[in-house]
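One file, target-v9.cif, carrying mmCIF, C-alpha atoms:
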```
data_model
#
loop_
_atom_site.label_atom_id
_atom_site.label_comp_id
_atom_site.auth_asym_id
_atom_site.auth_seq_id
_atom_site.Cartn_x
_atom_site.Cartn_y
_atom_site.Cartn_z
CA MET A 219 0.00 0.00 0.00
CA THR A 220 0.99 3.63 -0.31
CA GLY A 221 0.72 6.23 2.40
CA LYS A 222 -2.55 7.44 0.95
CA ASP A 223 -4.17 4.00 0.97
CA VAL A 224 -5.28 4.03 4.61
CA PRO A 225 -9.00 4.41 3.71
CA ARG A 226 -8.64 1.47 1.30
CA LEU A 227 -6.97 -0.59 4.02
CA GLN A 228 -9.89 0.16 6.30
CA GLU A 229 -12.29 -1.08 3.61
CA ALA A 230 -10.28 -4.27 3.09
CA ARG A 231 -9.35 -5.09 6.69
CA ALA A 232 -12.16 -7.61 7.25
CA ALA A 233 -10.82 -9.76 4.41
CA ILE A 234 -7.19 -9.71 5.60
CA PRO A 235 -6.08 -12.21 8.28
CA PRO A 236 -4.65 -10.65 11.47
CA GLY A 237 -0.86 -10.64 11.47
CA THR A 238 -0.56 -10.28 7.70
CA ARG A 239 2.57 -8.39 6.65
CA ILE A 240 1.66 -5.26 4.69
CA ASN A 241 4.36 -3.25 2.93
CA VAL A 242 4.14 0.54 2.99
CA THR A 243 5.96 2.04 0.01
CA TYR A 244 8.37 4.97 0.13
CA LEU A 245 7.10 7.31 -2.58
CA ALA A 246 8.84 10.55 -3.49
CA ASN A 247 5.57 12.52 -3.36
CA GLU A 248 4.68 11.39 0.17
CA ASP A 249 6.33 12.91 3.23
CA LEU A 250 7.41 11.38 6.51
CA GLN A 251 4.13 12.09 8.26
CA VAL A 252 2.10 10.30 5.59
CA ARG A 253 4.39 7.26 5.55
CA VAL A 254 4.45 6.97 9.35
CA ALA A 255 0.69 7.44 9.66
CA ALA A 256 0.15 4.61 7.17
CA ALA A 257 2.51 2.29 9.05
CA ARG A 258 0.72 3.11 12.30
CA ALA A 259 -2.66 2.37 10.73
CA VAL A 260 -1.41 -1.03 9.59
CA ARG A 261 -0.32 -1.80 13.13
CA ASP A 262 -3.52 -0.45 14.70
CA TYR A 263 -5.62 -2.70 12.45
CA GLY A 264 -3.80 -5.78 13.71
CA PHE A 265 -1.35 -6.32 10.84
CA VAL A 266 2.45 -6.14 10.64
CA PRO A 267 3.65 -2.92 9.02
CA VAL A 268 6.67 -3.26 6.74
CA PRO A 269 7.71 0.30 5.85
CA HIS A 270 10.01 0.70 2.86
CA VAL A 271 13.34 2.49 3.16
CA SER A 272 14.50 3.88 -0.19
CA ALA A 273 18.27 4.19 0.09
CA ARG A 274 19.04 6.55 -2.80
CA ARG A 275 16.22 8.91 -1.86
CA LEU A 276 17.71 9.58 1.59
CA GLN A 277 19.59 12.86 1.71
CA SER A 278 21.47 12.17 4.95
CA ALA A 279 21.96 9.77 7.84
CA HIS A 280 19.88 12.20 9.89
CA GLU A 281 16.93 11.74 7.53
CA LEU A 282 17.14 7.97 7.94
CA GLN A 283 17.40 8.31 11.72
CA THR A 284 14.40 10.65 11.79
CA PHE A 285 12.29 8.23 9.76
CA LEU A 286 13.26 5.22 11.87
CA ASP A 287 12.73 7.14 15.10
CA ALA A 288 9.24 8.18 14.00
CA LEU A 289 8.41 4.58 13.12
CA GLN A 290 9.72 3.37 16.47
CA GLN A 291 7.61 5.91 18.35
CA VAL A 292 4.41 4.46 16.81
CA GLY A 293 5.50 0.83 17.24
CA ALA A 294 6.10 0.22 13.54
CA SER A 295 9.85 -0.23 13.27
CA SER A 296 10.39 -3.96 13.89
CA ASP A 297 10.14 -4.89 10.19
CA VAL A 298 11.37 -2.86 7.22
CA PHE A 299 11.96 -3.45 3.52
CA VAL A 300 15.14 -1.81 2.23
CA VAL A 301 15.44 -1.03 -1.49
CA GLY A 302 17.92 0.92 -3.55
CA GLY A 303 15.24 3.17 -5.01
CA ASP A 304 14.64 4.66 -8.44
CA PRO A 305 16.98 7.71 -8.58
CA PRO A 306 20.04 6.91 -10.74
CA THR A 307 22.15 9.21 -8.53
CA PRO A 308 21.93 8.94 -4.72
CA ALA A 309 20.58 12.02 -3.00
CA GLY A 310 22.83 11.37 -0.01
CA PRO A 311 25.28 8.90 1.54
CA TYR A 312 23.45 5.65 0.70
CA ALA A 313 24.24 4.30 -2.75
CA ASP A 314 22.21 1.13 -2.24
CA SER A 315 20.26 -0.92 0.29
CA LEU A 316 23.43 -2.66 1.46
CA ALA A 317 24.78 0.68 2.70
CA VAL A 318 21.66 1.16 4.81
CA ILE A 319 21.94 -2.33 6.30
CA ARG A 320 25.62 -1.77 7.12
CA SER A 321 24.94 1.61 8.73
CA GLY A 322 23.95 0.00 12.03
CA LEU A 323 21.06 2.44 12.37
CA LEU A 324 18.34 -0.15 11.82
CA GLN A 325 19.01 -2.12 15.00
CA GLN A 326 19.36 1.09 16.99
CA HIS A 327 15.72 1.84 16.23
CA GLY A 328 14.23 -1.56 17.01
CA VAL A 329 14.43 -3.15 13.58
CA ARG A 330 14.61 -6.94 13.85
CA HIS A 331 13.70 -8.11 10.35
CA VAL A 332 14.83 -6.68 7.00
CA GLY A 333 13.34 -7.52 3.63
CA VAL A 334 15.43 -7.17 0.48
CA SER A 335 14.70 -7.46 -3.24
CA GLY A 336 15.15 -10.39 -5.62
CA TYR A 337 14.91 -10.37 -9.41
CA PRO A 338 14.18 -13.74 -11.08
CA GLU A 339 13.84 -12.03 -14.46
CA GLY A 340 16.63 -9.55 -13.97
CA HIS A 341 16.47 -5.78 -13.67
CA PRO A 342 16.09 -3.41 -16.63
CA ASP A 343 18.92 -1.16 -15.38
CA ILE A 344 21.21 -3.53 -13.45
CA THR A 345 23.28 -6.39 -14.87
CA ASP A 346 22.92 -9.93 -13.52
CA PRO A 347 26.46 -10.08 -12.05
CA VAL A 348 25.75 -6.91 -10.07
CA LEU A 349 22.40 -8.29 -8.88
CA TRP A 350 24.03 -11.49 -7.64
CA GLN A 351 26.78 -9.56 -5.90
CA ALA A 352 24.13 -7.40 -4.23
CA ILE A 353 21.96 -10.20 -2.87
CA GLU A 354 24.98 -12.14 -1.63
CA GLY A 355 26.29 -9.01 0.06
CA LYS A 356 22.96 -8.26 1.70
CA ALA A 357 22.54 -11.83 2.99
CA ALA A 358 26.04 -11.69 4.49
CA ALA A 359 25.47 -8.24 6.00
CA LEU A 360 22.24 -9.31 7.66
CA ARG A 361 24.06 -12.21 9.31
CA GLU A 362 26.88 -9.92 10.42
CA GLN A 363 24.42 -7.38 11.83
CA GLY A 364 22.40 -10.03 13.65
CA LEU A 365 19.24 -9.21 11.71
CA ALA A 366 16.63 -11.66 10.43
CA GLY A 367 15.81 -11.23 6.77
CA SER A 368 13.82 -12.38 3.78
CA VAL A 369 13.69 -11.76 0.05
CA ILE A 370 10.68 -10.40 -1.83
CA THR A 371 10.90 -10.89 -5.57
CA GLN A 372 9.62 -8.83 -8.45
CA PHE A 373 6.26 -10.07 -9.70
CA GLY A 374 6.03 -12.26 -12.76
CA PHE A 375 3.77 -14.35 -14.94
CA ASP A 376 6.03 -17.34 -15.59
CA VAL A 377 7.28 -19.81 -12.98
CA ASP A 378 10.21 -21.08 -15.08
CA PRO A 379 12.56 -18.13 -14.36
CA VAL A 380 11.39 -18.16 -10.74
CA PHE A 381 12.55 -21.73 -10.13
CA THR A 382 15.76 -21.25 -12.11
CA TRP A 383 16.56 -18.22 -9.99
CA LEU A 384 15.57 -19.95 -6.74
CA GLU A 385 17.91 -22.86 -7.38
CA ALA A 386 20.72 -20.42 -8.16
CA VAL A 387 20.01 -18.55 -4.91
CA ARG A 388 20.22 -21.74 -2.85
CA SER A 389 23.33 -22.95 -4.69
CA ARG A 390 25.07 -19.74 -3.59
CA GLY A 391 24.40 -20.54 0.05
CA ILE A 392 21.68 -17.92 0.50
CA ASP A 393 19.14 -19.48 2.86
CA LEU A 394 16.88 -16.49 3.50
CA PRO A 395 13.14 -17.15 3.22
CA VAL A 396 11.84 -16.04 -0.16
CA ARG A 397 8.43 -14.57 -0.92
CA ILE A 398 7.59 -14.88 -4.59
CA GLY A 399 5.98 -11.76 -6.04
CA VAL A 400 2.48 -12.47 -7.29
CA PRO A 401 0.45 -9.94 -9.31
CA GLY A 402 -2.94 -9.64 -7.64
CA PRO A 403 -6.05 -9.55 -9.83
CA ALA A 404 -6.13 -6.41 -11.95
CA GLY A 405 -7.05 -5.04 -15.35
CA ILE A 406 -4.94 -6.56 -18.12
CA ARG A 407 -3.84 -3.15 -19.39
CA ARG A 408 -2.58 -2.22 -15.92
CA LEU A 409 -0.76 -5.53 -15.46
CA LEU A 410 1.05 -5.14 -18.77
CA SER A 411 1.95 -1.55 -17.94
CA TYR A 412 3.60 -2.60 -14.67
CA ALA A 413 5.31 -5.51 -16.39
CA LYS A 414 6.87 -3.20 -18.97
CA ARG A 415 8.00 -0.78 -16.27
CA PHE A 416 9.75 -3.48 -14.22
CA GLY A 417 11.20 -5.53 -17.06
CA VAL A 418 8.92 -8.54 -16.57
CA GLY A 419 8.51 -10.89 -19.55
CA THR A 420 5.05 -10.93 -21.16
CA SER A 421 5.36 -12.82 -24.44
CA ALA A 422 2.23 -14.14 -26.12
CA GLY A 423 3.04 -17.66 -24.89
CA ILE A 424 3.48 -16.56 -21.29
CA ALA A 425 0.28 -14.51 -21.41
CA LYS A 426 -1.69 -17.45 -22.77
CA LYS A 427 -0.38 -19.70 -20.00
CA TYR A 428 -1.36 -17.07 -17.48
CA GLY A 429 -4.85 -16.85 -18.93
CA PHE A 430 -5.05 -13.62 -20.92
CA SER A 431 -4.09 -12.19 -24.28
CA ILE A 432 -1.62 -9.37 -24.81
CA THR A 433 -3.59 -8.40 -27.91
CA ASN A 434 -6.86 -8.05 -26.01
CA LEU A 435 -6.55 -5.60 -23.13
CA VAL A 436 -10.17 -5.87 -22.01
CA GLY A 437 -10.96 -7.62 -18.75
CA THR A 438 -9.21 -8.67 -15.57
CA ALA A 439 -6.67 -11.41 -14.93
CA GLY A 440 -5.90 -13.23 -11.70
CA PRO A 441 -2.86 -15.30 -10.69
CA ASP A 442 -4.65 -18.65 -10.42
CA ALA A 443 -2.51 -20.49 -12.97
CA PHE A 444 0.72 -18.95 -11.69
CA ILE A 445 0.11 -20.00 -8.08
CA ARG A 446 -0.96 -23.53 -9.04
CA ALA A 447 2.21 -23.93 -11.12
CA LEU A 448 4.32 -22.72 -8.18
CA ALA A 449 2.66 -25.20 -5.83
CA GLU A 450 3.09 -28.13 -8.23
CA ARG A 451 6.83 -27.60 -8.70
CA TYR A 452 7.79 -26.43 -5.21
CA ALA A 453 10.25 -28.81 -3.52
CA PRO A 454 11.26 -27.62 -0.02
CA GLU A 455 14.55 -29.51 -0.07
CA ARG A 456 15.60 -27.68 -3.25
CA HIS A 457 13.87 -24.33 -2.95
CA GLY A 458 13.93 -23.69 0.79
CA ASP A 459 11.46 -21.58 2.77
CA LEU A 460 9.02 -20.16 0.22
CA GLY A 461 5.98 -17.89 0.51
CA LEU A 462 3.97 -15.43 -1.55
CA HIS A 463 3.93 -11.65 -1.68
CA PHE A 464 0.92 -10.11 -3.42
CA TYR A 465 1.29 -6.90 -5.39
CA THR A 466 -2.11 -5.26 -5.04
CA PHE A 467 -2.32 -3.70 -8.50
CA GLY A 468 -6.10 -4.08 -8.48
CA GLY A 469 -6.49 -2.78 -4.93
CA LEU A 470 -6.18 -4.13 -1.39
CA ARG A 471 -9.77 -5.27 -1.11
CA ALA A 472 -9.92 -6.94 -4.52
CA THR A 473 -6.70 -8.82 -3.82
CA SER A 474 -7.76 -9.91 -0.33
CA GLU A 475 -11.16 -11.11 -1.50
CA TRP A 476 -9.56 -12.95 -4.42
CA ILE A 477 -7.25 -14.78 -1.99
CA ASP A 478 -10.25 -15.82 0.14
CA ASP A 479 -12.09 -17.10 -2.93
CA PHE A 480 -9.03 -18.97 -4.21
CA GLN A 481 -8.42 -20.64 -0.86
CA GLY A 482 -12.10 -21.54 -0.57
CA ALA A 483 -12.09 -23.16 -4.00
CA ARG A 484 -9.11 -25.34 -3.02
CA GLN A 485 -10.66 -26.61 0.21
#
```
Just give me the structure of the file as structure tokens.
Amino acid sequence: MTGKDVPRLQEARAAIPPGTRINVTYLANEDLQVRVAAARAVRDYGFVPVPHVSARRLQSAHELQTFLDALQQVGASSDVFVVGGDPPTPAGPYADSLAVIRSGLLQQHGVRHVGVSGYPEGHPDITDPVLWQAIEGKAAALREQGLAGSVITQFGFDVDPVFTWLEAVRSRGIDLPVRIGVPGPAGIRRLLSYAKRFGVGTSAGIAKKYGFSITNLVGTAGPDAFIRALAERYAPERHGDLGLHFYTFGGLRATSEWIDDFQGARQ
């Protein structure tokens, strides 16, 4: 959710199980007060707030400290998700999420668990060798800092690159729990727009397998086929601790209700 999604969270709360982890994004057009208020609302509604920290948007160590202190004051600092962020040039001293983890400031403000990013289909602006170096460095830094961690991946439509990437992650000795990014139900046009933005593959064959057509943008698509394919091929001994992370492109309520319906259909 974004900082401005608190009313939508209130509408959806009845469909979301207590204790669910809800990420609160770090948008450039939202200030500290908005971000902190959203994290507090998540906590007050009985969920676990996971505020984002955008490394390259931070102008100083003081700004990071101020943000973490504000989160701690409202009881929303135990879990964070640290990302590099969109700006090509850092606004301050943190060139990437690893620099934030190594700063030591997270633990000082009550952070116990840190989420980091994973990219099964690569990143449009970062080479694969750099991505591997980054995730290995972050896993090592979390161990050194005594912090629990997990990986949340980019969303996708095809399980093949997910499992190839997962096996590569485990072969490199990275044992962090991984939450596979799942695109919640949304309009096809919106899904394809996000896919293009984040470098996610959407060939005609992949789209057909997922249940929609890239030539027909009318209608809504859900992740039914994607999740079933993940479940069929998941092998704990090879892939480790695995979960799901839903990107709520179609809204918090629509995603939560879809999950309820999907679970009910499987029971």
Original post:
Using all atoms listed in the file, can you list as a PyMOL selection string the residues within 12 Å of (-9.7, -11.3, -2.6)?
Top reply: chain A and resi 230-235+402-404+440-442+464+466+468-482
Subject >> Residues in the PyMOL selection byres ((chain A and resi 393) around 9), expressed as a ChimeraX atom specification >> reply: /A:357,368,387-388,390-392,394-396,458-459
What would the file look like if the residues just selected were written as an mmCIF file, in the frame of the given file with C-alpha atoms?
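Done, and the output landed in result-v4.cif:
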```cif
data_model
loop_
_atom_site.group_PDB
_atom_site.id
_atom_site.type_symbol
_atom_site.label_atom_id
_atom_site.label_comp_id
_atom_site.auth_asym_id
_atom_site.auth_seq_id
_atom_site.Cartn_x
_atom_site.Cartn_y
_atom_site.Cartn_z
ATOM 1 C CA ALA A 357 22.540 -11.830 2.990
ATOM 2 C CA SER A 368 13.820 -12.380 3.780
ATOM 3 C CA VAL A 387 20.010 -18.550 -4.910
ATOM 4 C CA ARG A 388 20.220 -21.740 -2.850
ATOM 5 C CA ARG A 390 25.070 -19.740 -3.590
ATOM 6 C CA GLY A 391 24.400 -20.540 0.050
ATOM 7 C CA ILE A 392 21.680 -17.920 0.500
ATOM 8 C CA LEU A 394 16.880 -16.490 3.500
ATOM 9 C CA PRO A 395 13.140 -17.150 3.220
ATOM 10 C CA VAL A 396 11.840 -16.040 -0.160
ATOM 11 C CA GLY A 458 13.930 -23.690 0.790
ATOM 12 C CA ASP A 459 11.460 -21.580 2.770
#
```
**OP:** Let me know the residues the PyMOL selection byres ((chain A and resi 314-322) around 9) catches in the file above, as a PyMOL selection string.
**Re:** chain A and resi 271-274+279+282+300-303+308+311-313+323-326+332+334+352-353+355-356+359-360+362-363
**OP:** Give the answer as one residue: which of A:Val298, A:Val348, A:Ile445, A:Ala257 has the shortest atom-to-atom distance to A:Gly399, using all atoms listed in the file?
**Re:** A:Ile445
Subject >> Distance criterion (only C-alpha atoms): nearest to A:His331 out of A:Pro347, A:His280, A:Phe381, A:Val266 >> reply: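 Closest to A:His331 of all the choices is A:Val266.
Surrounding stretch 248-253 of chain A within 8 Å are Thr220, Gly221, Lys222, Val242, Thr243, Tyr244, Leu245, Ala246, Ala255, Ala256, Ala257, Pro269 and Phe285 of chain A, with only C-alpha atoms counted and residues fewer than 2 positions along the same chain left out.
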**OP:** Using all atoms listed in the file, find the one residue out of A:Leu448, A:Arg258, A:Ala443, A:Gln277 that sits nearest to A:Gly293.
**Re:**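 Ranking A:Leu448, A:Arg258, A:Ala443, A:Gln277 by distance to A:Gly293, first place goes to A:Arg258.
We find atom CA of A:Arg330 and atom CA of A:Ala294 to be spaced 11.1 Å apart.
Candidate residues A:Glu281, A:Asp343, A:Asp287, A:Asp378 were compared for distance to A:Asp304, and the nearest is A:Asp343, using all atoms listed in the file.
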Original post:
Can you list, as a PyMOL selection string, every protein, DNA or RNA residue that comes within 7 Å of A:Val268 when you count only C-alpha atoms, leaving out same-chain residues fewer than 6 positions away?
Top reply: chain A and resi 239-242+297-299
**OP:** Please measure the separation of atom CA of A:Leu410 and atom CA of A:Gln372, giving the value in Å to one decimal.
**Re:**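 For atom CA of A:Leu410 relative to atom CA of A:Gln372, the distance reads 13.9 Å.
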**OP:** Could you please determine the separation between atom CA of A:Asp262 and atom CA of A:Phe373 in Å, to one decimal place?
**Re:**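 It comes out at 28.0 Å.
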Original post:
With all atoms listed in the file as the atoms that count, which of A:Arg456, A:Arg446, A:Gly405, A:Arg275 lies nearest to A:Asn247?
Top reply: A:Arg275
**OP:** Give the answer as one residue: which of A:Gly374, A:Gly328, A:Pro379, A:Gly237 has the shortest atom-to-atom distance to A:Tyr465, using all atoms listed in the file?
**Re:** A:Gly374
Taking the file as I've supplied it (selection: the PyMOL selection byres ((chain A and resi 336) around 7)), which residues are included? Please answer as a PDB file with C-alpha atoms, keeping the file's coordinate frame.
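As a result, result.pdb now contains:
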```pdb
ATOM      1  CA  VAL A 334      15.430  -7.170   0.480  1.00  0.00           C
ATOM      2  CA  SER A 335      14.700  -7.460  -3.240  1.00  0.00           C
ATOM      3  CA  TYR A 337      14.910 -10.370  -9.410  1.00  0.00           C
ATOM      4  CA  PRO A 338      14.180 -13.740 -11.080  1.00  0.00           C
ATOM      5  CA  VAL A 369      13.690 -11.760   0.050  1.00  0.00           C
ATOM      6  CA  ILE A 370      10.680 -10.400  -1.830  1.00  0.00           C
ATOM      7  CA  THR A 371      10.900 -10.890  -5.570  1.00  0.00           C
ATOM      8  CA  GLN A 372       9.620  -8.830  -8.450  1.00  0.00           C
TER       9      GLN A 372
END
```
